[in-house]
Amino acid sequence: MLTLTKDRALALAMLLITGIMLVETRNIPEPTSWQPYGSALFPRILLAVVALLSLLILVRTFFGSPNHSPAPRHAWREWIIQNRSILALFGAFGLYAALLPIIGYIAATLTFLLASLALLMGVDTKRKWLINLAVSVTLTFSVYVIFRFGLNVWLP
Amino acid sequence: MADFFLQALSLVSSPSVLLLILIGVLFGIVGGSIPGFTVTMAILVVFPFTFAMDPVSGVALMVGVFVGGYSGGIVSGVMLGIPGTPSSITTVYDGYPMAQRGEPGRALGIGVAASFIGTLISVAVLVYFGPLIAHFSMQFRPWEITALILFALTLVAGLSQGALLKGLLAAALGLLITTVGYDRNSNLRFDFGFPFLDAGFEMLPVMIGIFAFSQLMGNLEDLRDESRVAGQKVDTNVSIPYRRIAQDMAGQKVNTLRSSLIGSLVGALPGTGGTVANFVSYDQAKKFSRHPERFGTGTPDGIVASEASNSAVAGGAFVPTLALGIPGDLPMAIMMGVLILHGITPGPLMFEQNPVLVGAIYASLLIGAVIMVLCQLFLVRWFAKISLIPQQILVPVVLMLCAIGSYALNNNLFDVWVLFGFGVVGYLLWKARVPLTPLILGVVLGNNLERQLFRALELDSSWLTFLTRPLSALFLALALASVIFSLYQNRKIERHRREAAASHDA
């Protein structure tokens, strides 16, 4: 049965990306008369290399020794449940990047640190809350002070 | 030589730069002593703070982190029995048993002394061989440089344990990332009609995203899988028996020298670094020892072999980075990014154009080594306490620092999105078991590779020239050989695995 192993997913994703990028190289201007090769050459060589390697990886998945066969794959649901804190952390970071320009460095950073620390440490005891608050507040402000006054970098 | 070195020394010994080296060393030791944090991560977190500094200060701070980082692994290795960084795995073999016997101070002292001497010897290697190799590589024309970069990439890809195809794929992807945006002929590439892609991706957010996210999320996954014993009680009350350590070290002269030279050499080879150095050196020390059976039970020989070699990597790794412009390992790739950021292109010309900065690197390494010893001896119990910081606190804090660091690069929020985007990409690639070091090396070397390739083709439009010039042909042959060798290695590993599985089944 054909299953989507990690290697196959990788190879297919790479082939898709190289396909799209190869089409996009047609938008790169042609070489001018004094250039032996144009700007599109180098990326095209690389795309060809990536595509070739992806194909090799893909082909290998069909001929690999049984040792290469993947562990029984978890269902998507199970995988998400197992990795929920990591997914949530990625989400929190994306939200942080989005909030930075809107509510500013201090508010966004405090929110991000409080939320992600609560997520990873848990919130079941008072002590954890205290550690969380102490870490978040001290870091947010000390980083602000170092950048703003020590290094003259304006944070959003 | 002496002239610019004295000038550099006076620059580096100004109070503000000394303070920066101290901060760097402290942070490096802390970073190195926290399991799962690694030297590379410490460097990534510190480098945004160098943006606003002059090159000498920035380089001094970063070098401090290097020196501290390579010696930091010993703290958690001895006290907790967990290597703080992969480059101190063999320190644990003898450091932990010695500490368990009730001599943690002796183990730490021996390790610190070995680290110190290792750093000094590697600086000597750098001072001697750096200019020599740079001088030799001055003859390299674009063909040779192109071939040399290809060799470095295939070597690193091939060394990615049993994943040659994916290593090469990663290297090609890294190079591809650098082609986005305006090229040197002002032609737009891969902007997909989005104006924010015009300038391409900044090297540093890409590197941080790819490395830091996969590493940190990986730490969290490990945590989930093994659910370590929480609240481990560790006695951090250590006293250092100076006289005993002096006696120990007096009996380790040959071992220290050999291990330091191994570390310098391994550090100078592309694709290796502290992790390889400490294994090779430990192995050699055991082979040369009159009492190989004592290794692993808490013998000073083992600690010296491991710590002298991994600290010597710091100086050795600077040799190809400065002399050829080709970083040998991950920390050096990032160090090179920092230098480029400050407008300095590492390479053979650096010794002529920026001798003072080269001298500042030498001087910072030396001063950093002295500061490292003092910090380790006086503050070791604090480092041991800090190394117990749980990942759950560490991960969000480091992510935040990465975000702010990327922003501070250009005061540009787009760089934070670049960081995030490549963080996701890096994590997915890591999940698919794609080695990330070749990718990061590709990102660092991509622009130079394309520039050299095209300069070569503009001088002579025939591709055959790459094969008719002897040195260029040699490097290309070496690149091919490294691929074939790692194919052969993979086969061997595969066969061993199958045999092991077969005997297991039987």
# chains A, B, ... in the order shown; residues from 1 in each chain; ligands from 1

call {"tool": "interface_residues", "arguments": {"of": "chain B", "to": "chain A", "cutoff": "6 Å", "atoms": "only C-alpha atoms", "output": "number ranges by chain"}}
result
B: 52, 169, 172, 189, 392, 432

call {"tool": "select_by_dssp", "arguments": {"residues": "region 177-300 of chain B", "states": "helix (DSSP H, G or I)", "output": "ChimeraX atom specification"}}
result
/B:177,195-197,203-226,242-250,253-268,274-288,292-294,300

call {"tool": "residues_around", "arguments": {"residues": "region 489-492 of chain B", "least_positions_apart": "5", "cutoff": "10 Å", "atoms": "only C-alpha atoms", "output": "PyMOL selection string"}}
result
chain B and resi 158-159+161-164+483-484+497-498

call {"tool": "residues_around", "arguments": {"residues": "region 442-455 of chain B", "least_positions_apart": "3", "cutoff": "7 Å", "atoms": "only C-alpha atoms", "output": "PyMOL selection string"}}
result
(chain A and resi 42) or (chain B and resi 142-143+145-146+149+171-172+174-175+177-178+203+333+337+438-439+458-459)

call {"tool": "residues_around", "arguments": {"residues": "Val63 (chain B)", "least_positions_apart": "6", "cutoff": "12 Å", "atoms": "only C-alpha atoms", "output": "ChimeraX atom specification"}}
result
/B:12,17-18,20-28,39,42-43,46-47,50,55-57,69-70,119,123,314-315,317-318,331-332,334-336,338-339,358,360-369,371-372

call {"tool": "write_last_selection", "arguments": {"atoms": "C-alpha atoms", "output": "PDB file, in the first residue's frame"}}
result
ATOM      1  CA  VAL B  12      40.775  45.011  23.121  1.00  0.00           C
ATOM      2  CA  VAL B  17      35.766  45.822  25.452  1.00  0.00           C
ATOM      3  CA  LEU B  18      37.069  43.835  28.432  1.00  0.00           C
ATOM      4  CA  LEU B  20      32.090  42.825  26.767  1.00  0.00           C
ATOM      5  CA  ILE B  21      34.434  39.838  26.722  1.00  0.00           C
ATOM      6  CA  LEU B  22      33.508  39.157  30.346  1.00  0.00           C
ATOM      7  CA  ILE B  23      29.798  39.301  29.518  1.00  0.00           C
ATOM      8  CA  GLY B  24      30.381  37.099  26.493  1.00  0.00           C
ATOM      9  CA  VAL B  25      32.321  34.505  28.486  1.00  0.00           C
ATOM     10  CA  LEU B  26      29.727  34.485  31.266  1.00  0.00           C
ATOM     11  CA  PHE B  27      26.903  34.067  28.809  1.00  0.00           C
ATOM     12  CA  GLY B  28      28.826  31.443  26.880  1.00  0.00           C
ATOM     13  CA  VAL B  39      27.169  27.007  21.917  1.00  0.00           C
ATOM     14  CA  ALA B  42      24.258  31.127  22.818  1.00  0.00           C
ATOM     15  CA  ILE B  43      25.900  32.846  19.861  1.00  0.00           C
ATOM     16  CA  VAL B  46      23.992  37.289  21.775  1.00  0.00           C
ATOM     17  CA  PHE B  47      24.714  38.505  18.276  1.00  0.00           C
ATOM     18  CA  THR B  50      26.408  43.522  18.513  1.00  0.00           C
ATOM     19  CA  PRO B  55      33.440  45.695  14.752  1.00  0.00           C
ATOM     20  CA  VAL B  56      36.120  45.203  17.413  1.00  0.00           C
ATOM     21  CA  SER B  57      33.621  45.306  20.289  1.00  0.00           C
ATOM     22  CA  GLY B  69      30.580  28.216  25.456  1.00  0.00           C
ATOM     23  CA  TYR B  70      33.156  25.542  24.698  1.00  0.00           C
ATOM     24  CA  THR B 119      42.378  27.507  23.887  1.00  0.00           C
ATOM     25  CA  VAL B 123      45.333  30.393  19.251  1.00  0.00           C
ATOM     26  CA  ALA B 314      37.515  27.612  18.930  1.00  0.00           C
ATOM     27  CA  GLY B 315      40.911  28.682  17.580  1.00  0.00           C
ATOM     28  CA  ALA B 317      37.716  26.786  13.492  1.00  0.00           C
ATOM     29  CA  PHE B 318      38.784  30.376  12.882  1.00  0.00           C
ATOM     30  CA  PRO B 331      28.974  28.446  15.162  1.00  0.00           C
ATOM     31  CA  MET B 332      31.553  29.688  12.672  1.00  0.00           C
ATOM     32  CA  ILE B 334      27.064  32.399  12.289  1.00  0.00           C
ATOM     33  CA  MET B 335      30.260  34.160  13.299  1.00  0.00           C
ATOM     34  CA  MET B 336      30.875  34.792   9.619  1.00  0.00           C
ATOM     35  CA  VAL B 338      28.197  38.605  12.112  1.00  0.00           C
ATOM     36  CA  LEU B 339      31.422  39.714  10.445  1.00  0.00           C
ATOM     37  CA  VAL B 358      42.332  39.781  12.957  1.00  0.00           C
ATOM     38  CA  ALA B 360      41.554  41.641  17.886  1.00  0.00           C
ATOM     39  CA  ILE B 361      40.234  38.110  17.354  1.00  0.00           C
ATOM     40  CA  TYR B 362      43.544  36.645  18.549  1.00  0.00           C
ATOM     41  CA  ALA B 363      43.636  38.974  21.543  1.00  0.00           C
ATOM     42  CA  SER B 364      39.993  38.328  22.454  1.00  0.00           C
ATOM     43  CA  LEU B 365      40.589  34.586  22.356  1.00  0.00           C
ATOM     44  CA  LEU B 366      43.558  34.923  24.711  1.00  0.00           C
ATOM     45  CA  ILE B 367      41.868  37.342  27.119  1.00  0.00           C
ATOM     46  CA  GLY B 368      38.669  35.323  26.908  1.00  0.00           C
ATOM     47  CA  ALA B 369      40.573  32.221  27.985  1.00  0.00           C
ATOM     48  CA  ILE B 371      38.529  35.397  31.981  1.00  0.00           C
ATOM     49  CA  MET B 372      36.993  31.966  31.423  1.00  0.00           C
TER      50      MET B 372
END

call {"tool": "atom_distance", "arguments": {"atom1": "CA of Phe466 (chain B)", "atom2": "CA of Arg141 (chain B)"}}
result
10.6 Å

call {"tool": "atom_distance", "arguments": {"atom1": "CA of Asp94 (chain B)", "atom2": "CA of Ser289 (chain B)"}}
result
14.4 Å

call {"tool": "residues_around", "arguments": {"residues": "Phe414 (chain B)", "least_positions_apart": "6", "cutoff": "12 Å", "atoms": "only C-alpha atoms", "output": "JSON list (two decimals) with N, CA and C atoms, in the first residue's frame"}}
result
[["chain", "number", "residue", "atom", "x", "y", "z"],
["A", 97, "ALA", "N", 4.36, 38.00, 16.50],
["A", 97, "ALA", "CA", 4.87, 38.79, 15.38],
["A", 97, "ALA", "C", 3.79, 39.73, 14.84],
["A", 98, "ALA", "N", 2.54, 39.24, 14.84],
["A", 98, "ALA", "CA", 1.45, 40.06, 14.32],
["A", 98, "ALA", "C", 1.11, 41.19, 15.27],
["A", 100, "LEU", "N", 3.13, 42.66, 17.52],
["A", 100, "LEU", "CA", 4.22, 43.63, 17.79],
["A", 100, "LEU", "C", 3.95, 45.03, 17.24],
["A", 101, "PRO", "N", 3.61, 45.16, 15.94],
["A", 101, "PRO", "CA", 3.40, 46.52, 15.45],
["A", 101, "PRO", "C", 2.11, 47.15, 15.95],
["B", 195, "PRO", "N", 6.52, 43.06, -3.31],
["B", 195, "PRO", "CA", 7.63, 44.02, -3.16],
["B", 195, "PRO", "C", 8.53, 43.73, -1.96],
["B", 196, "PHE", "N", 7.97, 43.10, -0.90],
["B", 196, "PHE", "CA", 8.84, 42.90, 0.28],
["B", 196, "PHE", "C", 9.89, 41.82, 0.05],
["B", 197, "LEU", "N", 9.79, 41.10, -1.07],
["B", 197, "LEU", "CA", 10.81, 40.10, -1.36],
["B", 197, "LEU", "C", 11.95, 40.67, -2.21],
["B", 199, "ALA", "N", 14.33, 42.76, -1.69],
["B", 199, "ALA", "CA", 15.67, 42.84, -1.12],
["B", 199, "ALA", "C", 16.18, 41.46, -0.73],
["B", 200, "GLY", "N", 15.38, 40.44, -0.94],
["B", 200, "GLY", "CA", 15.80, 39.09, -0.54],
["B", 200, "GLY", "C", 15.66, 38.91, 0.96],
["B", 201, "PHE", "N", 16.14, 37.77, 1.44],
["B", 201, "PHE", "CA", 16.06, 37.50, 2.87],
["B", 201, "PHE", "C", 17.37, 37.89, 3.54],
["B", 202, "GLU", "N", 17.26, 38.51, 4.70],
["B", 202, "GLU", "CA", 18.46, 38.75, 5.50],
["B", 202, "GLU", "C", 19.00, 37.39, 5.95],
["B", 205, "PRO", "N", 18.15, 36.33, 10.15],
["B", 205, "PRO", "CA", 16.85, 35.75, 10.56],
["B", 205, "PRO", "C", 16.63, 34.36, 9.97],
["B", 206, "VAL", "N", 17.13, 34.14, 8.74],
["B", 206, "VAL", "CA", 16.98, 32.82, 8.13],
["B", 206, "VAL", "C", 17.72, 31.77, 8.96],
["B", 403, "ALA", "N", 13.20, 36.85, 18.26],
["B", 403, "ALA", "CA", 12.31, 37.78, 17.56],
["B", 403, "ALA", "C", 12.85, 39.20, 17.65],
["B", 404, "ILE", "N", 13.23, 39.61, 18.86],
["B", 404, "ILE", "CA", 13.70, 40.98, 19.03],
["B", 404, "ILE", "C", 15.03, 41.17, 18.30],
["B", 406, "SER", "N", 16.00, 39.67, 15.56],
["B", 406, "SER", "CA", 15.74, 39.80, 14.12],
["B", 406, "SER", "C", 15.18, 41.18, 13.80],
["B", 407, "TYR", "N", 14.32, 41.65, 14.68],
["B", 407, "TYR", "CA", 13.75, 42.98, 14.45],
["B", 407, "TYR", "C", 14.85, 44.03, 14.47],
["B", 408, "ALA", "N", 15.73, 43.93, 15.48],
["B", 408, "ALA", "CA", 16.73, 44.98, 15.69],
["B", 408, "ALA", "C", 17.74, 45.06, 14.55],
["B", 420, "PHE", "N", 10.09, 33.67, 11.52],
["B", 420, "PHE", "CA", 8.99, 32.75, 11.80],
["B", 420, "PHE", "C", 8.82, 31.76, 10.65],
["B", 421, "GLY", "N", 8.81, 32.29, 9.42],
["B", 421, "GLY", "CA", 8.62, 31.43, 8.25],
["B", 421, "GLY", "C", 9.70, 30.36, 8.17]]

call {"tool": "residues_around", "arguments": {"residues": "Ser239 (chain B)", "least_positions_apart": "2", "cutoff": "7 Å", "atoms": "only C-alpha atoms", "output": "PDB file with N, CA and C atoms, in the first residue's frame"}}
result
ATOM      1  N   GLY B 105      35.018  19.166  42.589  1.00  0.00           N
ATOM      2  CA  GLY B 105      35.906  20.317  42.425  1.00  0.00           C
ATOM      3  C   GLY B 105      37.136  19.957  41.618  1.00  0.00           C
ATOM      4  N   ASN B 237      27.591  22.777  46.085  1.00  0.00           N
ATOM      5  CA  ASN B 237      28.612  23.338  46.960  1.00  0.00           C
ATOM      6  C   ASN B 237      29.961  22.696  46.627  1.00  0.00           C
ATOM      7  N   PRO B 241      40.219  22.013  44.781  1.00  0.00           N
ATOM      8  CA  PRO B 241      41.517  21.680  45.378  1.00  0.00           C
ATOM      9  C   PRO B 241      42.665  22.044  44.439  1.00  0.00           C
TER      10      PRO B 241
END

call {"tool": "closest_residue", "arguments": {"among": "B:Leu168, B:Met249, B:Val127, B:Val30", "to": "Leu379 (chain B)", "atoms": "only C-alpha atoms"}}
result
B:Val30
